Amino acid sequence: MITIQGKGVSSGIAMGPIVFLSRKSDKVERRAIEDPEKEIERFFAARDVAAKELDALALEMVSKIGQENALLFEIHRMMLEDTDYVDPILEIIRGELVNAEYAVNTAGSRLAQDFADMDDDYMKARSVDVYDVSKRVIGHLSGDEGDDLKDRKEPYVLAADDFTPSETAQLDRSKVLALVSRLGAANSHTAIFARTMGIPAIISFGAFLSEDFSGKNVILDGDTGVLYVEPEKAETEKLLEKGEKAKVEKERLEKFRGKPTRTKDGRVVKLYANIGNVEDAKAALAWDAEGIGLFRSEFLYLGRDNYPDEETQFESYKKVLEKMGGREVIIRTLDIGADKRVDYFRLPEEENPAMGMRAIRICLTRPDLFKTQLRAIYRASVHGKALVMFPMITSVSELVSAKELARAAREELAAKGVPHDDKVPLGIMIETPAAAIISDLLAKEADFFSIGTNDLTQYTLAMDRQNDGISNFLDIHHEAIMRLIKMTCENAKKAGIMCGICGSLGADPALTKTFAEIGIDELSVEPSVILKLRALLSEI
Ligand code: PEP
Ligand code: MG
């Protein structure tokens, strides 16, 4: 038995022979041609067939991967007609007197590389779409869109370097048991489609996923990301049993989709999702989130080499708000610092950054930076139901100053006649012991609370959340934390404001009953646990 480890992106157990995808359209030859205009005609004819095919796919895929996901094929169609895509192809055919297949492959690879080199994660992910579109056109040009799998009768585990979104969406589900790849990204469309269709998938095996395994029997676990080649009997029995249990549980949870979240005695707890970008909002909807309880906006600032401007931020907030279609979206303002370091912020070198210049402290020190973000949020607020949440608050005066800057941002927009909702609720995270202890005072100034149990735990217990070495001392249900949560919730109730939890403890099934009992109004969690919590609450 050989065991290899990848990154599980779609859960489930699958067992069967492994087959490597061999695409005929990957092998593109360069041929000299004499009549470029005739070759261009061939290209347009193939492109038009591909465009028609994409129109049909956009419709057909709605039932398979959902309306939201099926939109991707409309984007692919638009790409085919975009001059940025078409012109370089024509230039290569005319300039180099080469066949259309080669021109599409070359121009497509260059454009895909340009996307891959971009800073923005969303744009980066478009690289695979360009590749996907080109592959489709090349398939039509060469009159051979197929792979070698059509004639296979028995189900199999499909392997490749990577899969395009089209390949994933069009998989023959009666035959493909699971997907495994050497490359890939957890938030790629391929991973999202696999999750939506319930096909187990593991990516990022690198070279460990060897062609030598071809035809061998494998069993894999999409949760842990482990693939066993020629597994031993004990391993197989254990995983098959796990798979059977998970299947039964999944069917049970599906019954809670679209249902309100309510305890037996009628108490309503809103189940929201934590997200970091626009793609996550799609996952939140796919898992039936009732809103977004924590949009970690600092992710817009990470992985870049300069500040995102107001327009860039506005676009992201707008997209999330629109996607959530009127459901509440709590946007947490910038929480940079501590473990989230960004070079261009030029933060001071600190002995103890978790207790240093971070989050609201940076925002209050750099009002222009903060107001840029606030203006972007206010502008986006007319596109849905936005709420703003300030992180790392420790005093009433910090909250008052933050609200003051929010007012200034609103006034700047009003002076220019820019539409915005000036009633956007302004709430705070309760994630420092100080905030929990003075939550009675903060409740007079805040429109809502959301308890950040990750930081609340680290600061209350004086235990660095990053430090694995002290995990033996960590009691995540420590009475001190439970009392602070209860006290915060009671103070919120007295003031008549909402109190949620957006730290990891919110997803802890051992505490769900307690949270419902003390009157927590909202739990914001990783999207994939929403149905599980809804089922649990319905039994309380
Ligand atoms: C928290 O501290 O609990 C929280 C939700 O914020 P983050 O994990 O982003 O620090
Ligand atoms: Mg925090």
# chains A, B, ... in the order shown; residues from 1 in each chain; ligands from 1

$ residues_around --residues "A:Val529" --least-positions-apart "2" --cutoff "10 Å" --atoms "only C-alpha atoms" --output "ChimeraX atom specification"
/A:271,273,287,289,507-509,524-527,531-534

$ write_last_selection --atoms "all heavy atoms" --output "compact mmCIF listing (two decimals), in the first residue's frame"
# COMPACT_ATOMS: atom_id res chain seq x y z
N LEU A 271 -28.22 31.60 11.43
CA LEU A 271 -26.98 30.92 11.10
C LEU A 271 -26.32 31.61 9.92
O LEU A 271 -26.79 31.50 8.79
CB LEU A 271 -27.24 29.44 10.79
CG LEU A 271 -27.54 28.57 12.01
CD1 LEU A 271 -27.80 27.13 11.60
CD2 LEU A 271 -26.41 28.63 13.03
N ALA A 273 -22.55 32.97 7.84
CA ALA A 273 -21.25 32.39 7.45
C ALA A 273 -20.12 33.39 7.59
O ALA A 273 -20.32 34.60 7.43
CB ALA A 273 -21.33 31.91 6.00
N TRP A 287 -24.17 26.56 0.97
CA TRP A 287 -24.40 25.84 2.24
C TRP A 287 -25.61 26.39 3.00
O TRP A 287 -25.80 26.09 4.16
CB TRP A 287 -23.16 25.91 3.13
CG TRP A 287 -22.04 25.03 2.64
CD1 TRP A 287 -20.91 25.43 2.00
CD2 TRP A 287 -21.94 23.60 2.76
NE1 TRP A 287 -20.11 24.35 1.71
CE2 TRP A 287 -20.72 23.21 2.16
CE3 TRP A 287 -22.76 22.62 3.32
CZ2 TRP A 287 -20.31 21.89 2.11
CZ3 TRP A 287 -22.36 21.30 3.25
CH2 TRP A 287 -21.14 20.94 2.65
N ALA A 289 -26.39 29.57 4.00
CA ALA A 289 -26.20 30.59 5.05
C ALA A 289 -27.32 31.62 4.97
O ALA A 289 -27.77 31.97 3.87
CB ALA A 289 -24.86 31.28 4.86
N ALA A 507 -19.13 27.45 16.30
CA ALA A 507 -19.43 26.23 15.55
C ALA A 507 -19.28 24.98 16.41
O ALA A 507 -19.45 23.87 15.92
CB ALA A 507 -18.48 26.13 14.36
N ASP A 508 -18.98 25.16 17.69
CA ASP A 508 -18.73 24.01 18.56
C ASP A 508 -20.06 23.37 18.98
O ASP A 508 -20.83 23.95 19.75
CB ASP A 508 -17.96 24.52 19.80
CG ASP A 508 -17.51 23.38 20.68
OD1 ASP A 508 -18.13 22.30 20.63
OD2 ASP A 508 -16.54 23.59 21.44
N PRO A 509 -20.34 22.15 18.48
CA PRO A 509 -21.66 21.56 18.77
C PRO A 509 -21.88 21.30 20.26
O PRO A 509 -23.03 21.26 20.71
CB PRO A 509 -21.64 20.24 17.99
CG PRO A 509 -20.23 19.98 17.64
CD PRO A 509 -19.50 21.28 17.66
N SER A 524 -22.07 32.80 13.57
CA SER A 524 -21.46 32.91 12.25
C SER A 524 -20.29 31.94 12.19
O SER A 524 -19.36 32.01 12.99
CB SER A 524 -20.99 34.34 12.00
OG SER A 524 -20.61 34.47 10.65
N VAL A 525 -20.36 31.03 11.23
CA VAL A 525 -19.46 29.87 11.24
C VAL A 525 -18.94 29.57 9.82
O VAL A 525 -19.38 30.19 8.85
CB VAL A 525 -20.22 28.63 11.76
CG1 VAL A 525 -20.64 28.83 13.21
CG2 VAL A 525 -21.47 28.34 10.91
N GLU A 526 -18.05 28.61 9.74
CA GLU A 526 -17.62 28.12 8.42
C GLU A 526 -18.85 27.60 7.70
O GLU A 526 -19.64 26.85 8.30
CB GLU A 526 -16.64 26.95 8.59
CG GLU A 526 -15.30 27.34 9.16
CD GLU A 526 -14.65 28.46 8.37
OE1 GLU A 526 -14.63 28.36 7.14
OE2 GLU A 526 -14.22 29.45 8.98
N PRO A 527 -19.04 27.96 6.42
CA PRO A 527 -20.28 27.59 5.73
C PRO A 527 -20.64 26.11 5.85
O PRO A 527 -21.81 25.76 6.03
CB PRO A 527 -19.98 27.96 4.27
CG PRO A 527 -18.97 29.05 4.34
CD PRO A 527 -18.16 28.79 5.57
N LEU A 531 -25.68 23.45 8.09
CA LEU A 531 -26.80 22.50 8.16
C LEU A 531 -26.72 21.65 9.44
O LEU A 531 -27.74 21.31 10.05
CB LEU A 531 -26.84 21.61 6.92
CG LEU A 531 -27.21 22.33 5.61
CD1 LEU A 531 -27.19 21.35 4.43
CD2 LEU A 531 -28.58 23.00 5.71
N LYS A 532 -25.47 21.34 9.81
CA LYS A 532 -25.28 20.53 11.02
C LYS A 532 -25.81 21.29 12.25
O LYS A 532 -26.52 20.73 13.10
CB LYS A 532 -23.78 20.25 11.17
CG LYS A 532 -23.45 19.11 12.06
CD LYS A 532 -22.05 18.64 11.75
CE LYS A 532 -21.28 18.46 13.03
NZ LYS A 532 -19.85 18.36 12.79
N LEU A 533 -25.48 22.57 12.33
CA LEU A 533 -25.95 23.36 13.48
C LEU A 533 -27.47 23.54 13.44
O LEU A 533 -28.14 23.54 14.48
CB LEU A 533 -25.27 24.73 13.51
CG LEU A 533 -23.79 24.74 13.91
CD1 LEU A 533 -23.28 26.16 14.01
CD2 LEU A 533 -23.57 24.02 15.24
N ARG A 534 -28.02 23.70 12.23
CA ARG A 534 -29.47 23.87 12.13
C ARG A 534 -30.19 22.60 12.63
O ARG A 534 -31.18 22.68 13.35
CB ARG A 534 -29.87 24.16 10.68
CG ARG A 534 -31.32 24.54 10.54
CD ARG A 534 -31.65 25.00 9.14
NE ARG A 534 -30.98 26.25 8.81
CZ ARG A 534 -30.63 26.62 7.59
NH1 ARG A 534 -30.89 25.83 6.57
NH2 ARG A 534 -30.04 27.77 7.38

$ residues_near_ligand --ligand "ligand 1" --cutoff "7 Å" --atoms "only C-alpha atoms and all ligand atoms" --output "list in words"
Arg296, Glu431, Ile451, Gly452, Thr453, Asn454, Asp455, Leu456, Cys502, Gly503 and Ser504 of chain A

$ write_last_selection --atoms "N, CA and C atoms" --output "compact mmCIF listing (two decimals), in the first residue's frame"
# COMPACT_ATOMS: atom_id res chain seq x y z
N ARG A 296 -14.23 39.07 6.61
CA ARG A 296 -12.89 39.52 7.06
C ARG A 296 -12.29 40.39 5.95
N GLU A 431 -13.91 40.97 21.52
CA GLU A 431 -12.84 39.97 21.43
C GLU A 431 -11.68 40.30 22.35
N ILE A 451 -19.24 38.27 19.14
CA ILE A 451 -18.15 37.86 20.03
C ILE A 451 -17.09 37.09 19.25
N GLY A 452 -15.87 37.60 19.27
CA GLY A 452 -14.74 36.95 18.58
C GLY A 452 -14.03 36.05 19.58
N THR A 453 -14.48 34.81 19.65
CA THR A 453 -13.96 33.93 20.71
C THR A 453 -12.50 33.53 20.49
N ASN A 454 -12.01 33.67 19.24
CA ASN A 454 -10.61 33.29 19.00
C ASN A 454 -9.67 34.22 19.76
N ASP A 455 -9.87 35.52 19.56
CA ASP A 455 -9.02 36.47 20.28
C ASP A 455 -9.43 36.59 21.75
N LEU A 456 -10.74 36.49 22.00
CA LEU A 456 -11.17 36.59 23.40
C LEU A 456 -10.49 35.49 24.23
N CYS A 502 -18.87 35.11 16.29
CA CYS A 502 -18.26 34.82 14.99
C CYS A 502 -16.91 34.12 15.12
N GLY A 503 -16.46 33.87 16.36
CA GLY A 503 -15.24 33.10 16.55
C GLY A 503 -15.54 31.61 16.42
N SER A 504 -14.47 30.80 16.42
CA SER A 504 -14.64 29.36 16.15
C SER A 504 -15.56 28.64 17.13

$ atom_distance --atom1 "atom CA of A:Lys486" --atom2 "atom CA of A:Ala436"
9.3 Å

$ residues_near_ligand --ligand "ligand 2" --cutoff "12 Å" --atoms "only C-alpha atoms and all ligand atoms" --output "PyMOL selection string"
chain A and resi 294-296+298+332-340+354-355+358-360+389-393+428-432+450-459+465+501-504

$ residues_around --residues "stretch 258-268 of chain A" --least-positions-apart "3" --cutoff "7 Å" --atoms "only C-alpha atoms" --output "PyMOL selection string"
chain A and resi 288+534+537-540

$ select_by_dssp --residues "stretch 135-338 of chain A" --states "alpha helix (DSSP H)" --output "MDAnalysis selection string"
chainID A and resid 135:141 165:169 189:197 233:254 278:286 310:323

$ closest_residue --among "A:Ala116, A:Ala58, A:Leu523, A:Ile331" --to "A:Val130" --atoms "only C-alpha atoms"
A:Ala116

$ residues_around --residues "A:Ala178" --least-positions-apart "4" --cutoff "7 Å" --atoms "only C-alpha atoms" --output "ChimeraX atom specification"
/A:14,157-158,199-201

$ select_by_dssp --residues "stretch 6-137 of chain A" --states "strand (DSSP E)" --output "list in words"
Lys7, Gly8, Val9, Ser10, Ile13, Ala14, Met15, Gly16, Pro17, Ile18, Val19 and Phe20 of chain A

$ closest_residue --among "A:Thr83, A:Ser10, A:Ser214, A:Ser181" --to "A:Ala159" --atoms "only C-alpha atoms"
A:Ser181

$ residues_around --residues "A:Ala51" --least-positions-apart "6" --cutoff "10 Å" --atoms "only C-alpha atoms" --output "list in words"
Ala45, Leu57, Phe73, Glu74, His76, Arg77, Met78, Met79, Leu80, Glu81, Val133, Arg136 and Val137 of chain A

$ write_last_selection --atoms "all heavy atoms" --output "compact mmCIF listing (two decimals), in the first residue's frame"
# COMPACT_ATOMS: atom_id res chain seq x y z
N ALA A 45 -15.07 29.67 -37.43
CA ALA A 45 -16.10 28.62 -37.49
C ALA A 45 -16.07 27.80 -36.20
O ALA A 45 -17.11 27.53 -35.58
CB ALA A 45 -15.85 27.73 -38.70
N LEU A 57 -24.72 24.96 -22.69
CA LEU A 57 -24.21 24.49 -21.39
C LEU A 57 -24.69 25.36 -20.24
O LEU A 57 -25.05 24.86 -19.16
CB LEU A 57 -22.69 24.55 -21.40
CG LEU A 57 -21.93 23.28 -21.65
CD1 LEU A 57 -20.44 23.55 -21.60
CD2 LEU A 57 -22.29 22.24 -20.58
N PHE A 73 -20.29 29.75 -17.54
CA PHE A 73 -20.25 29.43 -18.97
C PHE A 73 -20.66 30.63 -19.82
O PHE A 73 -20.24 30.75 -20.97
CB PHE A 73 -21.09 28.18 -19.26
CG PHE A 73 -20.51 26.99 -18.56
CD1 PHE A 73 -21.08 26.47 -17.42
CD2 PHE A 73 -19.32 26.45 -19.00
CE1 PHE A 73 -20.51 25.41 -16.74
CE2 PHE A 73 -18.72 25.39 -18.34
CZ PHE A 73 -19.32 24.87 -17.20
N GLU A 74 -21.44 31.53 -19.24
CA GLU A 74 -21.73 32.77 -19.97
C GLU A 74 -20.48 33.62 -20.03
O GLU A 74 -20.19 34.28 -21.03
CB GLU A 74 -22.87 33.52 -19.28
CG GLU A 74 -24.22 32.88 -19.55
CD GLU A 74 -25.35 33.66 -18.91
OE1 GLU A 74 -25.28 34.90 -18.85
OE2 GLU A 74 -26.32 33.00 -18.48
N HIS A 76 -17.45 32.46 -20.07
CA HIS A 76 -16.59 31.83 -21.07
C HIS A 76 -17.00 32.26 -22.48
O HIS A 76 -16.16 32.53 -23.33
CB HIS A 76 -16.69 30.30 -20.96
CG HIS A 76 -15.88 29.73 -19.84
ND1 HIS A 76 -15.59 28.41 -19.72
CD2 HIS A 76 -15.28 30.34 -18.80
CE1 HIS A 76 -14.85 28.22 -18.64
NE2 HIS A 76 -14.67 29.37 -18.05
N ARG A 77 -18.29 32.36 -22.69
CA ARG A 77 -18.75 32.74 -24.01
C ARG A 77 -18.33 34.18 -24.32
O ARG A 77 -17.86 34.48 -25.41
CB ARG A 77 -20.28 32.62 -24.07
CG ARG A 77 -20.82 32.82 -25.45
CD ARG A 77 -22.28 33.21 -25.38
NE ARG A 77 -23.00 33.12 -26.59
CZ ARG A 77 -22.75 33.63 -27.77
NH1 ARG A 77 -21.82 34.22 -27.95
NH2 ARG A 77 -23.44 33.55 -28.83
N MET A 78 -18.45 35.06 -23.32
CA MET A 78 -18.07 36.45 -23.53
C MET A 78 -16.57 36.55 -23.83
O MET A 78 -16.14 37.32 -24.66
CB MET A 78 -18.42 37.28 -22.29
CG MET A 78 -19.90 37.55 -22.18
SD MET A 78 -20.23 38.80 -20.96
CE MET A 78 -20.46 37.83 -19.51
N MET A 79 -15.80 35.72 -23.13
CA MET A 79 -14.36 35.70 -23.34
C MET A 79 -14.04 35.39 -24.81
O MET A 79 -13.18 36.01 -25.41
CB MET A 79 -13.77 34.59 -22.47
CG MET A 79 -12.65 35.03 -21.57
SD MET A 79 -12.13 33.59 -20.63
CE MET A 79 -11.99 34.30 -19.02
N LEU A 80 -14.78 34.42 -25.37
CA LEU A 80 -14.55 34.00 -26.76
C LEU A 80 -14.73 35.14 -27.75
O LEU A 80 -14.16 35.13 -28.83
CB LEU A 80 -15.57 32.91 -27.14
CG LEU A 80 -15.25 31.48 -26.81
CD1 LEU A 80 -16.37 30.59 -27.31
CD2 LEU A 80 -13.95 31.07 -27.49
N GLU A 81 -15.58 36.09 -27.35
CA GLU A 81 -15.86 37.19 -28.28
C GLU A 81 -15.05 38.43 -27.97
O GLU A 81 -15.10 39.42 -28.69
CB GLU A 81 -17.35 37.49 -28.25
CG GLU A 81 -18.07 36.51 -29.14
CD GLU A 81 -19.54 36.39 -28.88
OE1 GLU A 81 -20.08 37.19 -28.09
OE2 GLU A 81 -20.12 35.47 -29.47
N VAL A 133 -11.40 27.75 -22.17
CA VAL A 133 -12.02 28.24 -23.41
C VAL A 133 -11.17 27.82 -24.61
O VAL A 133 -11.68 27.35 -25.64
CB VAL A 133 -12.16 29.78 -23.31
CG1 VAL A 133 -12.36 30.38 -24.68
CG2 VAL A 133 -13.31 30.15 -22.40
N ARG A 136 -11.48 24.23 -25.54
CA ARG A 136 -12.75 23.94 -26.23
C ARG A 136 -12.63 24.29 -27.72
O ARG A 136 -13.06 23.52 -28.58
CB ARG A 136 -13.87 24.77 -25.55
CG ARG A 136 -15.25 24.50 -26.08
CD ARG A 136 -16.29 25.31 -25.29
NE ARG A 136 -16.39 24.89 -23.90
CZ ARG A 136 -17.05 23.81 -23.48
NH1 ARG A 136 -17.67 23.05 -24.36
NH2 ARG A 136 -17.07 23.50 -22.20
N VAL A 137 -12.04 25.46 -28.02
CA VAL A 137 -11.92 25.87 -29.43
C VAL A 137 -10.97 24.92 -30.17
O VAL A 137 -11.26 24.47 -31.28
CB VAL A 137 -11.40 27.33 -29.52
CG1 VAL A 137 -11.20 27.73 -30.98
CG2 VAL A 137 -12.37 28.28 -28.85

$ residues_around --residues "A:Met498" --least-positions-apart "5" --cutoff "12 Å" --atoms "only C-alpha atoms" --output "compact mmCIF listing (two decimals) with N, CA and C atoms, in the first residue's frame"
# COMPACT_ATOMS: atom_id res chain seq x y z
N VAL A 269 -32.35 31.24 16.03
CA VAL A 269 -30.93 31.59 16.03
C VAL A 269 -30.52 31.71 14.56
N LYS A 270 -30.00 32.89 14.19
CA LYS A 270 -29.63 33.05 12.78
C LYS A 270 -28.29 32.35 12.53
N GLY A 293 -21.96 36.75 8.74
CA GLY A 293 -21.75 37.31 10.08
C GLY A 293 -20.36 37.87 10.27
N PRO A 425 -26.00 49.92 10.28
CA PRO A 425 -25.71 49.69 11.70
C PRO A 425 -24.20 49.58 11.94
N LEU A 426 -23.75 50.16 13.05
CA LEU A 426 -22.33 50.13 13.39
C LEU A 426 -22.15 49.32 14.67
N GLY A 427 -21.56 48.15 14.54
CA GLY A 427 -21.40 47.28 15.70
C GLY A 427 -19.94 47.02 16.01
N ILE A 428 -19.71 46.20 17.00
CA ILE A 428 -18.32 45.92 17.38
C ILE A 428 -18.11 44.43 17.65
N MET A 429 -16.85 44.03 17.54
CA MET A 429 -16.49 42.70 17.97
C MET A 429 -16.17 42.78 19.45
N ALA A 443 -22.64 48.69 24.97
CA ALA A 443 -23.96 48.42 24.37
C ALA A 443 -24.76 49.71 24.17
N ALA A 446 -23.08 50.87 20.72
CA ALA A 446 -22.98 49.96 19.56
C ALA A 446 -24.36 49.51 19.10
N ASP A 447 -24.51 49.29 17.80
CA ASP A 447 -25.80 48.79 17.29
C ASP A 447 -25.90 47.28 17.41
N PHE A 448 -24.77 46.59 17.52
CA PHE A 448 -24.79 45.14 17.75
C PHE A 448 -23.42 44.67 18.23
N PHE A 449 -23.41 43.46 18.79
CA PHE A 449 -22.15 42.83 19.23
C PHE A 449 -21.96 41.53 18.46
N SER A 450 -20.70 41.19 18.20
CA SER A 450 -20.39 39.85 17.73
C SER A 450 -19.13 39.41 18.48
N ILE A 451 -19.24 38.27 19.14
CA ILE A 451 -18.15 37.86 20.03
C ILE A 451 -17.09 37.09 19.25
N THR A 488 -21.66 39.31 28.24
CA THR A 488 -21.81 40.15 27.04
C THR A 488 -23.21 40.02 26.47
N CYS A 489 -23.68 38.77 26.40
CA CYS A 489 -25.00 38.52 25.83
C CYS A 489 -26.08 39.18 26.70
N GLU A 490 -25.95 39.05 28.02
CA GLU A 490 -26.95 39.67 28.91
C GLU A 490 -26.97 41.19 28.74
N ASN A 491 -25.78 41.78 28.66
CA ASN A 491 -25.73 43.23 28.50
C ASN A 491 -26.32 43.68 27.16
N ALA A 492 -26.12 42.86 26.14
CA ALA A 492 -26.71 43.18 24.83
C ALA A 492 -28.24 43.13 24.94
N LYS A 493 -28.75 42.08 25.61
CA LYS A 493 -30.21 41.92 25.77
C LYS A 493 -30.78 43.13 26.49
N GLY A 519 -29.41 32.97 24.90
CA GLY A 519 -30.06 33.96 24.03
C GLY A 519 -29.17 34.56 22.95
N ILE A 520 -28.11 33.83 22.56
CA ILE A 520 -27.29 34.30 21.43
C ILE A 520 -28.19 34.36 20.19
N ASP A 521 -28.15 35.50 19.49
CA ASP A 521 -29.07 35.68 18.36
C ASP A 521 -28.55 35.10 17.06
N GLU A 522 -27.22 35.02 16.95
CA GLU A 522 -26.67 34.63 15.65
C GLU A 522 -25.34 33.92 15.84
N LEU A 523 -25.15 32.85 15.07
CA LEU A 523 -23.86 32.16 15.08
C LEU A 523 -23.29 32.27 13.68

$ residues_around --residues "A:Arg30" --least-positions-apart "3" --cutoff "8 Å" --atoms "only C-alpha atoms" --output "number ranges by chain"
A: 98-99, 101-102

$ closest_residue --among "A:Asn69, A:Ser174, A:Asn217, A:Asn352" --to "A:Pro155" --atoms "only C-alpha atoms"
A:Ser174

$ closest_residue --among "A:Asp305, A:Leu111, A:Glu328, A:Asn467" --to "A:Val388" --atoms "only C-alpha atoms"
A:Glu328

$ atom_distance --atom1 "atom CA of A:Leu461" --atom2 "atom CA of A:Glu398"
23.4 Å
